[in-house]
Structures are given as C-alpha cells and as structure tokens.
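Worksheet: the structure to be examined is printed underneath.
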Amino acid sequence: WAANHKTSLQRPEIKLESLKEDIKEFFKLSGWEKKLQNAVYSELSVFPLPSHPVAPLEHLKEPLVYMRKAQASWEKRILKSLNSMCTELSIPLARKRPVGEQKELLNKWNEMGTDEPDLSHFRPVYAPKDFLEVLINLRNPNYENGDSLSFRTHLGLIQVPLKVKDIPELKEFFIELGLNTGQLGIDDSTQVPPELFENEHVRIGQQVLAKQDTAAAQQYIRQGSPTALRADLWTLILNISCQPEDILYYEQLKTNVIQHDLLVDSLIYKDVKLTASNDDYYFVFEDYLYQVLLCFSRDTSVLGHFTYNSASPPKSYIRGKLGLEDYAVFYPPNGVIPFHGFSMYVAPLCFLYHEPFKLYQMFREMYVRFFFRLHSISSHPSGIVSLCLLFETLLQTYLPQLFYHLREIGAQPLRISFKWMVRAFSGYLATDQLLLLWDRILGYNSLEILAVLAAAVFAFRAVNLMEVTSLAAAEAVLADLSTLKVMPLLQIFLFATVT
C-alpha cells in the first residue's frame, strides 16, 4: 500500500505547491478517503470522549472510585472461584496437549458437539443471579443515606445514584422509532403500506452498502435492517474487513486451541451444552459456538478493550512463581472468564455468518463494543448498573401500581428481567425479533434499548402481573417471551404511553 502511494506521489504532475490538495484528491479517487472516514468514525464510537489531559488512566476505565473498587472485588471473587475449581479437580489452568490429542481434536474440529466428555464436576464460575446480588449491594459511600433521599431510591433493588434518561429524553434519543417513521418489524404501519416501505427501505439499504459509509449505515439501521442486507450492514457499521491476514490470524488462534488445553475450555463446553444446545433455535450451531468461543479465549487482541472497560484482565502466575510480576500472565489469554449463558452472545450471529472466521470477527467486535458492558460494574450509560436503574425507574415512574404490587409480594421486577438484559435478550426472544432489537443496538450505539424493552414487556403483561401473589407466579407469566414482537412493544411504551 505504502509502495503504491510512493510511486503515485512521484509522478511529475504532482507539484509541491499543491501537494495537500493532490493528496486529498488522490485519497478520494483511490477510495481510501471513505476507508479512513469509516476507521475514524469507528474509533469515535468505541472510545470515550477525551477527558482532562492529566486524568489518570483508570478514569478512562471508570471515573467513580466506588465502582472501580466494587469491580475489583468482584474480579477477586471470580478468580477465587476459578482457582478453587482447579484445586478441587486437580486440573491445571493450562497444559500442552499430547500430539495424539492434538490430531484427534483437529480431525473433529467441525463436529466437536459429538463429544460427550464428563463435565459433571465443572460448574459455571458464576451465573447472572450471583452478579445481580453484587449489584444490589452496591453503595456510593459519599451519598448521605438519610431521610432526604428521594422516595424512588428505597423502592428498587439498585441503590446507587446514577443519571438515567426519562421517557421524554428516551423519545428524543430514539426519535427514529417514532410512530410516524417507517419501521421494519411493524406489520401495520398506518402512514405507508408495509410492502411499499420495505421495498423503498431495501433500495436505500443497497445504496448505503454501495457507498460503504459506516455513519450512513448506522443511521439507516435505526429503522431496522432487511434480512438480506443485515450481515453486510453490521459488518460495515463495525468496520470489519475480511482481509487474508484476518483469516490467517483466525487460523493461528485455531492452532493455539489445538496445541493447548485450558480450564476455560471445559467451562465453554459446559456452557454451550447447558444453554445453546437446549435451545430450539440455536442447537444446530453447536459446533460453530465451540470454534468461535475457544478461539476467542486465546485472542490477546481482546485485551485492548480493557483500556475503556472498568474490568481488568485476571492474572495467573507460572507454577512456583506466585506473586512475582515478571512471571504473571493473563488468564485466559483474552482476559475474559466466561459465565453461565456467555455462549448466547454468539448464537444469534450464526444466522448471519456462515464462515467461521467472519462469524468470529463479528462476535469479537460485538463483544468489545457492547457485550462486555453487560457483565462489568461501571457507571457508563450502557453499563449493566445503569440499565438496571433505567429499567426500575421506568417501571416505577410509569407503572407505579404494578411496581409497588410486585415489590409487596416479594417479586422485585429486576429479579425477573436481569437475566434478559445480561444476555441482551438472546435465548428469550424469537431470533427474527432479536435481530431487529440488535439492529437498534448497533444503530444507536447504545444498550439502553434493552432496559426499555424489559420495561415494555412488564407493561404489556401488566394486567396478568397485577393478579399474581408470588415471585414464582410472576416468573410464570413472563416465562415465555418467544411470541413477543419487539418493535410494537417499544413503540407503544415510548410513544403511546401518557407521560
């Protein structure tokens, strides 16, 4: 690439006086202008806005001290759980596979699901409900816990003061989801017959893809993506390029899996068996899930996201060198310990990407941009703490009777909705509906829509929920979300509710 530019710039018609304009023109003609714009736009979408020049690095990770402390102590608990499992089962964190085992794994790489190892002794390091207990106990030590607190603080499970949007602010933020805007996922739009809108929307989508403009794709997808264009649109929004070196990198990760056995491999295996393998939509993708998640655990490029993640990668020490920093290694190599349900972040993407390396790249990018926020403690508006608070605030403000009733019978709404939000609704909604929801996550570069949908589900089932008298009965009313239509629920809750 550099060599091409060099020869181009050595041409006699390029003059020093007009070099700046010539380079601009060259970028435009060669197509590199668009690539650079997309790269810059992508960076701006991921990294936090510039902070004060002397702000320490940990402020980029998380500005609030008590959140950082809570995250650090949660990480210690996870690591302790992992280490005690090692000790109990007398299994090392990592070992090199014998040659015979390497060959066997290579041969069955595309059908790992046929394996039935005994994983009865392995348990998930933690499940969402364990994490919820940690969030419920979060407190800001600088906050006066006297009588002057607003009434709301006492009613919900989340007791930290974070700023979350109310419905007028959400209406403004999600303005493209309004009742007067065409949407994919709504069957009976009053303004325009659905098929007319769909045909026009597909035509515009094809133009957006032809222009290869990340910002335009992100704006476009706020109204939903046509099924046929979704895979390409998501790739464009996340600025993923499938170059030969990307395929080579994926192959190197695969080699690493073949050569080394990690304890987290068994956790991944068990998680897929417990979740996706039992799911009516996703069981067919079992082999893909193993391939992607095993490679993901070895991918050290994932460590880069810890610069803006409140979490820090766990460290382990080479045997016999405990506590000596020179002998510390990140474990697992990507710094992410999977929890119960982790494989459900990958499963829906299998519907869009059928080549493992493309599927892999897509999942990795979705994880470092969005999903990590769902299992780390932070004050970020898309972080799980803010989402829980947003959900509780919406319910309590706009459905106070329902909220109070459920609280009185010991069925705090968050105890039911937390698992939906932590998994970004994967495994709970029908796949076509889930993909329409994830379109909007990408379109708005925000996870706040998860909390809005969770509140909308409670609003939709409010009449039945007002009749229940126990947590078990409330859970039964909300046990099956597979028939729900995402867009009508969101529109009714945001734009048709009296505020």
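Just remember, in the structure tokens the first chain shown is A, the second B, etc., residues are 1-based per chain, and ligands are 1-based in the order shown.
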Show me, as a PDB file with N, CA and C atoms, in the first residue's frame, the residues that have an atom within 10 Å of stretch 470-486 of chain A when counting only C-alpha atoms, minus same-chain residues fewer than 2 positions from it.
ATOM      1  N   GLY A 185     -40.302  -4.554  11.185  1.00  0.00           N
ATOM      2  CA  GLY A 185     -40.700  -5.192  12.443  1.00  0.00           C
ATOM      3  C   GLY A 185     -42.071  -4.718  12.888  1.00  0.00           C
ATOM      4  N   ILE A 186     -42.684  -3.834  12.083  1.00  0.00           N
ATOM      5  CA  ILE A 186     -44.071  -3.398  12.343  1.00  0.00           C
ATOM      6  C   ILE A 186     -44.883  -3.818  11.129  1.00  0.00           C
ATOM      7  N   ASP A 187     -45.961  -4.570  11.361  1.00  0.00           N
ATOM      8  CA  ASP A 187     -46.716  -5.111  10.222  1.00  0.00           C
ATOM      9  C   ASP A 187     -47.809  -4.182   9.719  1.00  0.00           C
ATOM     10  N   LEU A 406     -45.742  -5.733  42.802  1.00  0.00           N
ATOM     11  CA  LEU A 406     -44.732  -6.793  42.677  1.00  0.00           C
ATOM     12  C   LEU A 406     -43.739  -6.733  43.835  1.00  0.00           C
ATOM     13  N   ARG A 407     -43.406  -5.513  44.238  1.00  0.00           N
ATOM     14  CA  ARG A 407     -42.465  -5.357  45.347  1.00  0.00           C
ATOM     15  C   ARG A 407     -43.069  -5.901  46.641  1.00  0.00           C
ATOM     16  N   GLU A 408     -44.348  -5.629  46.844  1.00  0.00           N
ATOM     17  CA  GLU A 408     -45.029  -6.063  48.075  1.00  0.00           C
ATOM     18  C   GLU A 408     -45.103  -7.590  48.182  1.00  0.00           C
ATOM     19  N   ILE A 409     -45.243  -8.284  47.043  1.00  0.00           N
ATOM     20  CA  ILE A 409     -45.376  -9.748  47.106  1.00  0.00           C
ATOM     21  C   ILE A 409     -44.006 -10.438  47.007  1.00  0.00           C
ATOM     22  N   GLY A 410     -42.923  -9.622  47.097  1.00  0.00           N
ATOM     23  CA  GLY A 410     -41.575 -10.207  47.071  1.00  0.00           C
ATOM     24  C   GLY A 410     -41.129 -10.628  45.678  1.00  0.00           C
ATOM     25  N   ALA A 411     -41.695  -9.945  44.653  1.00  0.00           N
ATOM     26  CA  ALA A 411     -41.306 -10.271  43.263  1.00  0.00           C
ATOM     27  C   ALA A 411     -40.712  -9.023  42.622  1.00  0.00           C
ATOM     28  N   GLN A 412     -39.594  -8.554  43.173  1.00  0.00           N
ATOM     29  CA  GLN A 412     -38.963  -7.360  42.602  1.00  0.00           C
ATOM     30  C   GLN A 412     -38.762  -7.574  41.096  1.00  0.00           C
ATOM     31  N   PRO A 413     -39.282  -6.653  40.250  1.00  0.00           N
ATOM     32  CA  PRO A 413     -39.206  -6.855  38.796  1.00  0.00           C
ATOM     33  C   PRO A 413     -37.802  -7.142  38.269  1.00  0.00           C
ATOM     34  N   ARG A 415     -35.470  -8.828  39.521  1.00  0.00           N
ATOM     35  CA  ARG A 415     -35.064 -10.240  39.709  1.00  0.00           C
ATOM     36  C   ARG A 415     -35.495 -11.084  38.513  1.00  0.00           C
ATOM     37  N   ILE A 416     -36.535 -10.622  37.814  1.00  0.00           N
ATOM     38  CA  ILE A 416     -37.020 -11.369  36.642  1.00  0.00           C
ATOM     39  C   ILE A 416     -36.324 -10.879  35.372  1.00  0.00           C
ATOM     40  N   SER A 417     -36.189  -9.559  35.232  1.00  0.00           N
ATOM     41  CA  SER A 417     -35.690  -9.007  33.960  1.00  0.00           C
ATOM     42  C   SER A 417     -34.171  -9.023  33.831  1.00  0.00           C
ATOM     43  N   TRP A 420     -32.625 -11.296  31.249  1.00  0.00           N
ATOM     44  CA  TRP A 420     -32.874 -10.876  29.855  1.00  0.00           C
ATOM     45  C   TRP A 420     -31.826  -9.857  29.420  1.00  0.00           C
ATOM     46  N   PHE A 425     -31.203 -10.270  25.691  1.00  0.00           N
ATOM     47  CA  PHE A 425     -32.429 -10.973  25.291  1.00  0.00           C
ATOM     48  C   PHE A 425     -32.171 -12.207  24.429  1.00  0.00           C
ATOM     49  N   GLY A 427     -31.860 -15.846  23.431  1.00  0.00           N
ATOM     50  CA  GLY A 427     -32.405 -17.055  24.048  1.00  0.00           C
ATOM     51  C   GLY A 427     -33.785 -16.831  24.644  1.00  0.00           C
ATOM     52  N   TYR A 428     -34.240 -15.576  24.659  1.00  0.00           N
ATOM     53  CA  TYR A 428     -35.564 -15.280  25.203  1.00  0.00           C
ATOM     54  C   TYR A 428     -36.551 -14.881  24.102  1.00  0.00           C
ATOM     55  N   LEU A 429     -36.076 -14.080  23.140  1.00  0.00           N
ATOM     56  CA  LEU A 429     -36.940 -13.665  22.029  1.00  0.00           C
ATOM     57  C   LEU A 429     -36.783 -14.618  20.859  1.00  0.00           C
ATOM     58  N   ALA A 430     -37.774 -14.631  19.951  1.00  0.00           N
ATOM     59  CA  ALA A 430     -37.603 -15.357  18.687  1.00  0.00           C
ATOM     60  C   ALA A 430     -36.463 -14.678  17.922  1.00  0.00           C
ATOM     61  N   THR A 431     -35.717 -15.447  17.138  1.00  0.00           N
ATOM     62  CA  THR A 431     -34.495 -14.911  16.524  1.00  0.00           C
ATOM     63  C   THR A 431     -34.750 -13.718  15.616  1.00  0.00           C
ATOM     64  N   ASP A 432     -35.817 -13.750  14.809  1.00  0.00           N
ATOM     65  CA  ASP A 432     -36.063 -12.609  13.918  1.00  0.00           C
ATOM     66  C   ASP A 432     -36.283 -11.333  14.735  1.00  0.00           C
ATOM     67  N   GLN A 433     -36.944 -11.475  15.891  1.00  0.00           N
ATOM     68  CA  GLN A 433     -37.192 -10.322  16.763  1.00  0.00           C
ATOM     69  C   GLN A 433     -35.903  -9.860  17.450  1.00  0.00           C
ATOM     70  N   LEU A 434     -35.093 -10.824  17.841  1.00  0.00           N
ATOM     71  CA  LEU A 434     -33.822 -10.484  18.498  1.00  0.00           C
ATOM     72  C   LEU A 434     -32.933  -9.691  17.539  1.00  0.00           C
ATOM     73  N   LEU A 435     -32.887 -10.101  16.280  1.00  0.00           N
ATOM     74  CA  LEU A 435     -32.027  -9.409  15.310  1.00  0.00           C
ATOM     75  C   LEU A 435     -32.538  -7.992  15.046  1.00  0.00           C
ATOM     76  N   LEU A 436     -33.860  -7.812  15.066  1.00  0.00           N
ATOM     77  CA  LEU A 436     -34.421  -6.451  14.930  1.00  0.00           C
ATOM     78  C   LEU A 436     -34.023  -5.586  16.129  1.00  0.00           C
ATOM     79  N   LEU A 437     -33.961  -6.202  17.309  1.00  0.00           N
ATOM     80  CA  LEU A 437     -33.534  -5.480  18.517  1.00  0.00           C
ATOM     81  C   LEU A 437     -32.053  -5.117  18.422  1.00  0.00           C
ATOM     82  N   LEU A 453     -36.955  -2.155  26.555  1.00  0.00           N
ATOM     83  CA  LEU A 453     -37.738  -3.330  26.151  1.00  0.00           C
ATOM     84  C   LEU A 453     -38.175  -4.142  27.380  1.00  0.00           C
ATOM     85  N   ALA A 456     -41.028  -2.475  28.796  1.00  0.00           N
ATOM     86  CA  ALA A 456     -42.178  -2.615  27.885  1.00  0.00           C
ATOM     87  C   ALA A 456     -42.833  -3.990  28.020  1.00  0.00           C
ATOM     88  N   VAL A 457     -42.024  -5.018  28.270  1.00  0.00           N
ATOM     89  CA  VAL A 457     -42.564  -6.381  28.448  1.00  0.00           C
ATOM     90  C   VAL A 457     -43.440  -6.422  29.700  1.00  0.00           C
ATOM     91  N   PHE A 458     -42.967  -5.799  30.783  1.00  0.00           N
ATOM     92  CA  PHE A 458     -43.769  -5.752  32.015  1.00  0.00           C
ATOM     93  C   PHE A 458     -45.067  -4.975  31.775  1.00  0.00           C
ATOM     94  N   PHE A 460     -46.668  -4.672  28.992  1.00  0.00           N
ATOM     95  CA  PHE A 460     -47.514  -5.497  28.121  1.00  0.00           C
ATOM     96  C   PHE A 460     -48.254  -6.584  28.914  1.00  0.00           C
ATOM     97  N   ARG A 461     -47.554  -7.133  29.923  1.00  0.00           N
ATOM     98  CA  ARG A 461     -48.172  -8.209  30.715  1.00  0.00           C
ATOM     99  C   ARG A 461     -48.721  -7.701  32.051  1.00  0.00           C
ATOM    100  N   ALA A 462     -48.912  -6.379  32.147  1.00  0.00           N
ATOM    101  CA  ALA A 462     -49.266  -5.760  33.437  1.00  0.00           C
ATOM    102  C   ALA A 462     -50.557  -6.328  34.029  1.00  0.00           C
ATOM    103  N   ASN A 464     -51.998  -9.267  33.757  1.00  0.00           N
ATOM    104  CA  ASN A 464     -51.767 -10.588  34.369  1.00  0.00           C
ATOM    105  C   ASN A 464     -50.898 -10.468  35.624  1.00  0.00           C
ATOM    106  N   LEU A 465     -49.897  -9.590  35.560  1.00  0.00           N
ATOM    107  CA  LEU A 465     -48.977  -9.460  36.697  1.00  0.00           C
ATOM    108  C   LEU A 465     -49.674  -8.880  37.928  1.00  0.00           C
ATOM    109  N   MET A 466     -50.680  -8.059  37.712  1.00  0.00           N
ATOM    110  CA  MET A 466     -51.407  -7.480  38.860  1.00  0.00           C
ATOM    111  C   MET A 466     -52.182  -8.557  39.627  1.00  0.00           C
ATOM    112  N   GLU A 467     -52.408  -9.714  38.983  1.00  0.00           N
ATOM    113  CA  GLU A 467     -53.171 -10.801  39.620  1.00  0.00           C
ATOM    114  C   GLU A 467     -52.291 -11.737  40.454  1.00  0.00           C
ATOM    115  N   VAL A 468     -50.974 -11.722  40.192  1.00  0.00           N
ATOM    116  CA  VAL A 468     -50.116 -12.743  40.828  1.00  0.00           C
ATOM    117  C   VAL A 468     -49.855 -12.406  42.294  1.00  0.00           C
ATOM    118  N   PRO A 488     -43.427  -3.192  18.046  1.00  0.00           N
ATOM    119  CA  PRO A 488     -44.682  -2.636  18.594  1.00  0.00           C
ATOM    120  C   PRO A 488     -44.587  -2.390  20.101  1.00  0.00           C
ATOM    121  N   LEU A 489     -43.939  -3.295  20.826  1.00  0.00           N
ATOM    122  CA  LEU A 489     -43.799  -3.109  22.283  1.00  0.00           C
ATOM    123  C   LEU A 489     -43.034  -1.829  22.602  1.00  0.00           C
ATOM    124  N   LEU A 490     -41.910  -1.624  21.906  1.00  0.00           N
ATOM    125  CA  LEU A 490     -41.090  -0.435  22.155  1.00  0.00           C
ATOM    126  C   LEU A 490     -41.854   0.835  21.789  1.00  0.00           C
ATOM    127  N   GLN A 491     -42.530   0.794  20.639  1.00  0.00           N
ATOM    128  CA  GLN A 491     -43.256   1.993  20.199  1.00  0.00           C
ATOM    129  C   GLN A 491     -44.388   2.355  21.165  1.00  0.00           C
TER     130      GLN A 491
END
**Message:** Give me, as a list in words, all polymer residues having an atom no more than 12 Å from A:Leu132, counting only C-alpha atoms and skipping those fewer than 5 positions away in the same chain.
**Reply:** Trp74, Tyr126, Ala127, Asn137, Leu138, Leu157, Ile158, Leu374, His375, Ser376, Ile377, Ile384, Val385, Cys388, Leu414, Arg415, Ile416, Ser417, Phe418, Lys419, Met421 and Val422 of chain A
Could those residues be written to a file, using N, CA and C atoms, as an mmCIF file, in the first residue's frame?
data_model
loop_
_atom_site.group_PDB
_atom_site.id
_atom_site.type_symbol
_atom_site.label_atom_id
_atom_site.label_comp_id
_atom_site.auth_asym_id
_atom_site.auth_seq_id
_atom_site.Cartn_x
_atom_site.Cartn_y
_atom_site.Cartn_z
ATOM 1 N N TRP A 74 -15.218 -7.923 42.843
ATOM 2 C CA TRP A 74 -15.969 -8.942 42.091
ATOM 3 C C TRP A 74 -15.000 -9.818 41.291
ATOM 4 N N TYR A 126 -19.734 -18.253 37.526
ATOM 5 C CA TYR A 126 -20.857 -17.544 38.151
ATOM 6 C C TYR A 126 -22.019 -17.492 37.167
ATOM 7 N N ALA A 127 -23.202 -17.231 37.702
ATOM 8 C CA ALA A 127 -24.407 -17.086 36.872
ATOM 9 C C ALA A 127 -24.920 -15.658 37.056
ATOM 10 N N ASN A 137 -26.000 -4.856 46.213
ATOM 11 C CA ASN A 137 -25.261 -4.385 47.400
ATOM 12 C C ASN A 137 -24.343 -3.191 47.129
ATOM 13 N N LEU A 138 -24.352 -2.695 45.896
ATOM 14 C CA LEU A 138 -23.527 -1.528 45.555
ATOM 15 C C LEU A 138 -24.027 -0.294 46.299
ATOM 16 N N LEU A 157 -34.195 -2.246 43.644
ATOM 17 C CA LEU A 157 -33.076 -3.016 44.211
ATOM 18 C C LEU A 157 -31.752 -2.280 44.052
ATOM 19 N N ILE A 158 -31.645 -1.467 42.982
ATOM 20 C CA ILE A 158 -30.382 -0.759 42.725
ATOM 21 C C ILE A 158 -30.389 0.538 43.518
ATOM 22 N N LEU A 374 -22.233 -5.667 29.761
ATOM 23 C CA LEU A 374 -23.340 -6.356 30.427
ATOM 24 C C LEU A 374 -22.872 -7.226 31.589
ATOM 25 N N HIS A 375 -21.565 -7.368 31.748
ATOM 26 C CA HIS A 375 -21.112 -8.150 32.911
ATOM 27 C C HIS A 375 -19.936 -7.500 33.627
ATOM 28 N N SER A 376 -19.846 -6.154 33.522
ATOM 29 C CA SER A 376 -18.850 -5.458 34.348
ATOM 30 C C SER A 376 -19.530 -4.278 35.049
ATOM 31 N N ILE A 377 -19.013 -3.935 36.220
ATOM 32 C CA ILE A 377 -19.635 -2.907 37.065
ATOM 33 C C ILE A 377 -19.076 -1.546 36.666
ATOM 34 N N ILE A 384 -24.373 -2.325 32.776
ATOM 35 C CA ILE A 384 -25.493 -3.080 33.349
ATOM 36 C C ILE A 384 -26.105 -2.384 34.570
ATOM 37 N N VAL A 385 -25.297 -1.645 35.346
ATOM 38 C CA VAL A 385 -25.853 -0.955 36.530
ATOM 39 C C VAL A 385 -26.848 0.117 36.077
ATOM 40 N N CYS A 388 -30.071 -1.477 34.739
ATOM 41 C CA CYS A 388 -30.962 -1.929 35.828
ATOM 42 C C CYS A 388 -31.708 -0.735 36.426
ATOM 43 N N LEU A 414 -36.785 -6.493 38.863
ATOM 44 C CA LEU A 414 -35.419 -6.684 38.367
ATOM 45 C C LEU A 414 -34.943 -8.128 38.524
ATOM 46 N N ARG A 415 -35.470 -8.828 39.521
ATOM 47 C CA ARG A 415 -35.064 -10.240 39.709
ATOM 48 C C ARG A 415 -35.495 -11.084 38.513
ATOM 49 N N ILE A 416 -36.535 -10.622 37.814
ATOM 50 C CA ILE A 416 -37.020 -11.369 36.642
ATOM 51 C C ILE A 416 -36.324 -10.879 35.372
ATOM 52 N N SER A 417 -36.189 -9.559 35.232
ATOM 53 C CA SER A 417 -35.690 -9.007 33.960
ATOM 54 C C SER A 417 -34.171 -9.023 33.831
ATOM 55 N N PHE A 418 -33.462 -9.198 34.948
ATOM 56 C CA PHE A 418 -31.998 -9.075 34.908
ATOM 57 C C PHE A 418 -31.379 -10.038 33.903
ATOM 58 N N LYS A 419 -31.848 -11.286 33.922
ATOM 59 C CA LYS A 419 -31.237 -12.280 33.024
ATOM 60 C C LYS A 419 -31.474 -11.934 31.551
ATOM 61 N N MET A 421 -31.598 -8.867 30.295
ATOM 62 C CA MET A 421 -30.686 -7.767 29.920
ATOM 63 C C MET A 421 -29.239 -8.240 29.837
ATOM 64 N N VAL A 422 -28.824 -9.082 30.792
ATOM 65 C CA VAL A 422 -27.438 -9.563 30.782
ATOM 66 C C VAL A 422 -27.129 -10.320 29.486
#
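For the atom pair formed by atom CA of A:Thr235 and atom CA of A:Asn110, the distance is 24.3 Å, given to one decimal.
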**Message:** Can you pull out the residues contacting stretch 351-367 of chain A? Cut-off 8 Å, using only C-alpha atoms, and skip same-chain residues under 6 positions away; I want them as a list in words.
**Reply:**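 These residues fall inside the cut-off: Arg230, Ala231, Thr235, Leu238, Ile240, Cys242, Asp246, Ile247, Tyr250, Tyr288, Gln291, Val292, Phe296, Val302 and Tyr345 of chain A.
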**Request:** Could you tell me how far atom CA of A:Pro381 lies from atom CA of A:Leu57, in Å and to one decimal?
**Result:**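 Pair atom CA of A:Pro381 / atom CA of A:Leu57 returns 19.5 Å.
Minimum distance to A:Ala72 across A:Gln401, A:Ser378, A:Asn107, A:Gln102 (counting only C-alpha atoms) occurs at A:Ser378.
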Could you make a table, as CSV, of the residues of stretch 362-453 of chain A that have an atom within 8 Å of an atom of stretch 202-219 of chain A, each with its nearest atom pair and distance in Å to one decimal, counting only C-alpha atoms, in chain and number order?
residue,atom,partner,partner_atom,distance
A:Leu442,CA,A:Gln218,CA,6.7
A:Gly443,CA,A:Gln218,CA,4.6
A:Tyr444,CA,A:Gln218,CA,7.3
**Message:** Residues of stretch 186-337 of chain A classed as helix (DSSP H, G or I) by DSSP on the backbone are to be reported as a PyMOL selection string.
**Reply:** chain A and resi 194-211+214-223+227-237+244-259+263-274+276-278+283-298+300-307+325-327
**Prompt:** Rounded to one decimal in Å, what is the spacing between atom CA of A:Phe174 and atom CA of A:Arg222?
**Reply:** 8.5 Å
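In this comparison, which uses only C-alpha atoms, the residue of A:Leu79, A:Ile221, A:Ala39, A:Ile268 approaching A:Gly341 most closely is A:Ile268.
Counting only C-alpha atoms, the residue from A:Met67, A:Gly100, A:Pro53, A:Glu62 that sits nearest to A:Leu135 is A:Met67.
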**Prompt:** Smallest atom-to-atom distance to A:Leu303: which of A:Val368, A:Leu119, A:Leu349, A:Leu262, using only C-alpha atoms?
**Reply:**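 So, comparing all the options, the nearest one is A:Val368.
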**Item:** Shell of 8 Å around A:Ser343, only C-alpha atoms, local chain residues under 4 positions omitted, as a ChimeraX atom specification
**Value:** /A:268,271-272,275-276,289,293,347
Keeping N, CA, C and O atoms for every residue in the selection just given, could you write it to a file as a PDB file, in the first residue's frame?
ATOM      1  N   ILE A 268     -16.458 -23.399  28.727  1.00  0.00           N
ATOM      2  CA  ILE A 268     -17.130 -23.050  27.464  1.00  0.00           C
ATOM      3  C   ILE A 268     -17.973 -24.237  27.005  1.00  0.00           C
ATOM      4  O   ILE A 268     -19.148 -24.093  26.649  1.00  0.00           O
ATOM      5  N   ASP A 271     -20.998 -24.637  29.120  1.00  0.00           N
ATOM      6  CA  ASP A 271     -21.980 -23.571  28.913  1.00  0.00           C
ATOM      7  C   ASP A 271     -22.790 -23.804  27.636  1.00  0.00           C
ATOM      8  O   ASP A 271     -24.009 -23.640  27.629  1.00  0.00           O
ATOM      9  N   VAL A 272     -22.108 -24.199  26.566  1.00  0.00           N
ATOM     10  CA  VAL A 272     -22.821 -24.470  25.307  1.00  0.00           C
ATOM     11  C   VAL A 272     -23.813 -25.612  25.517  1.00  0.00           C
ATOM     12  O   VAL A 272     -24.967 -25.554  25.084  1.00  0.00           O
ATOM     13  N   THR A 275     -26.839 -24.337  27.559  1.00  0.00           N
ATOM     14  CA  THR A 275     -27.685 -23.252  27.020  1.00  0.00           C
ATOM     15  C   THR A 275     -28.049 -23.494  25.550  1.00  0.00           C
ATOM     16  O   THR A 275     -29.126 -23.994  25.255  1.00  0.00           O
ATOM     17  N   ALA A 276     -27.142 -23.160  24.653  1.00  0.00           N
ATOM     18  CA  ALA A 276     -27.463 -23.186  23.217  1.00  0.00           C
ATOM     19  C   ALA A 276     -27.895 -24.565  22.733  1.00  0.00           C
ATOM     20  O   ALA A 276     -28.786 -24.689  21.884  1.00  0.00           O
ATOM     21  N   LEU A 289     -20.281 -22.652  17.737  1.00  0.00           N
ATOM     22  CA  LEU A 289     -20.101 -21.977  19.027  1.00  0.00           C
ATOM     23  C   LEU A 289     -18.795 -22.402  19.693  1.00  0.00           C
ATOM     24  O   LEU A 289     -18.074 -21.572  20.241  1.00  0.00           O
ATOM     25  N   LEU A 293     -15.855 -19.658  20.393  1.00  0.00           N
ATOM     26  CA  LEU A 293     -15.545 -19.338  21.790  1.00  0.00           C
ATOM     27  C   LEU A 293     -14.171 -19.844  22.219  1.00  0.00           C
ATOM     28  O   LEU A 293     -13.484 -19.195  23.004  1.00  0.00           O
ATOM     29  N   ALA A 347     -24.572 -17.127  19.625  1.00  0.00           N
ATOM     30  CA  ALA A 347     -25.549 -17.956  18.912  1.00  0.00           C
ATOM     31  C   ALA A 347     -26.359 -17.213  17.838  1.00  0.00           C
ATOM     32  O   ALA A 347     -26.442 -17.685  16.702  1.00  0.00           O
TER      33      ALA A 347
END
**Residues flagged strand (DSSP E) by DSSP in stretch 116-358 of chain A, as number ranges by chain** = A: 260-262, 315-317, 328-330
Please write the residues from the selection above to a file, keeping N, CA, C and O atoms, as a PDB file, in the first residue's frame.
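This went into part-v1.pdb:
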ATOM      1  N   HIS A 260      -2.992 -26.268  22.902  1.00  0.00           N
ATOM      2  CA  HIS A 260      -3.079 -26.091  24.362  1.00  0.00           C
ATOM      3  C   HIS A 260      -4.504 -26.283  24.869  1.00  0.00           C
ATOM      4  O   HIS A 260      -5.459 -25.830  24.256  1.00  0.00           O
ATOM      5  N   ASP A 261      -4.587 -26.919  26.015  1.00  0.00           N
ATOM      6  CA  ASP A 261      -5.877 -27.158  26.659  1.00  0.00           C
ATOM      7  C   ASP A 261      -5.967 -26.223  27.857  1.00  0.00           C
ATOM      8  O   ASP A 261      -5.072 -26.199  28.706  1.00  0.00           O
ATOM      9  N   LEU A 262      -7.020 -25.411  27.918  1.00  0.00           N
ATOM     10  CA  LEU A 262      -7.213 -24.500  29.050  1.00  0.00           C
ATOM     11  C   LEU A 262      -8.400 -24.972  29.888  1.00  0.00           C
ATOM     12  O   LEU A 262      -9.334 -25.564  29.358  1.00  0.00           O
ATOM     13  N   LYS A 315      -5.021 -12.199  36.317  1.00  0.00           N
ATOM     14  CA  LYS A 315      -3.627 -12.650  36.153  1.00  0.00           C
ATOM     15  C   LYS A 315      -3.442 -13.996  36.832  1.00  0.00           C
ATOM     16  O   LYS A 315      -4.060 -14.284  37.852  1.00  0.00           O
ATOM     17  N   SER A 316      -2.566 -14.786  36.226  1.00  0.00           N
ATOM     18  CA  SER A 316      -2.171 -16.032  36.857  1.00  0.00           C
ATOM     19  C   SER A 316      -0.639 -16.042  36.862  1.00  0.00           C
ATOM     20  O   SER A 316      -0.014 -15.259  36.150  1.00  0.00           O
ATOM     21  N   TYR A 317      -0.072 -16.934  37.651  1.00  0.00           N
ATOM     22  CA  TYR A 317       1.394 -16.964  37.742  1.00  0.00           C
ATOM     23  C   TYR A 317       1.925 -18.321  37.320  1.00  0.00           C
ATOM     24  O   TYR A 317       1.293 -19.356  37.555  1.00  0.00           O
ATOM     25  N   ALA A 328       3.951 -13.223  35.724  1.00  0.00           N
ATOM     26  CA  ALA A 328       2.484 -13.154  35.651  1.00  0.00           C
ATOM     27  C   ALA A 328       2.035 -13.226  34.194  1.00  0.00           C
ATOM     28  O   ALA A 328       2.678 -12.669  33.310  1.00  0.00           O
ATOM     29  N   VAL A 329       0.949 -13.943  33.948  1.00  0.00           N
ATOM     30  CA  VAL A 329       0.368 -13.993  32.596  1.00  0.00           C
ATOM     31  C   VAL A 329      -1.139 -13.732  32.729  1.00  0.00           C
ATOM     32  O   VAL A 329      -1.731 -14.009  33.767  1.00  0.00           O
ATOM     33  N   PHE A 330      -1.721 -13.186  31.682  1.00  0.00           N
ATOM     34  CA  PHE A 330      -3.176 -13.014  31.713  1.00  0.00           C
ATOM     35  C   PHE A 330      -3.824 -14.369  31.480  1.00  0.00           C
ATOM     36  O   PHE A 330      -3.387 -15.147  30.639  1.00  0.00           O
TER      37      PHE A 330
END
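Across A:Asp299, A:Asp265, A:Glu75, A:Glu58, the tightest approach to A:Leu93 is made by A:Asp265 when counting only C-alpha atoms.
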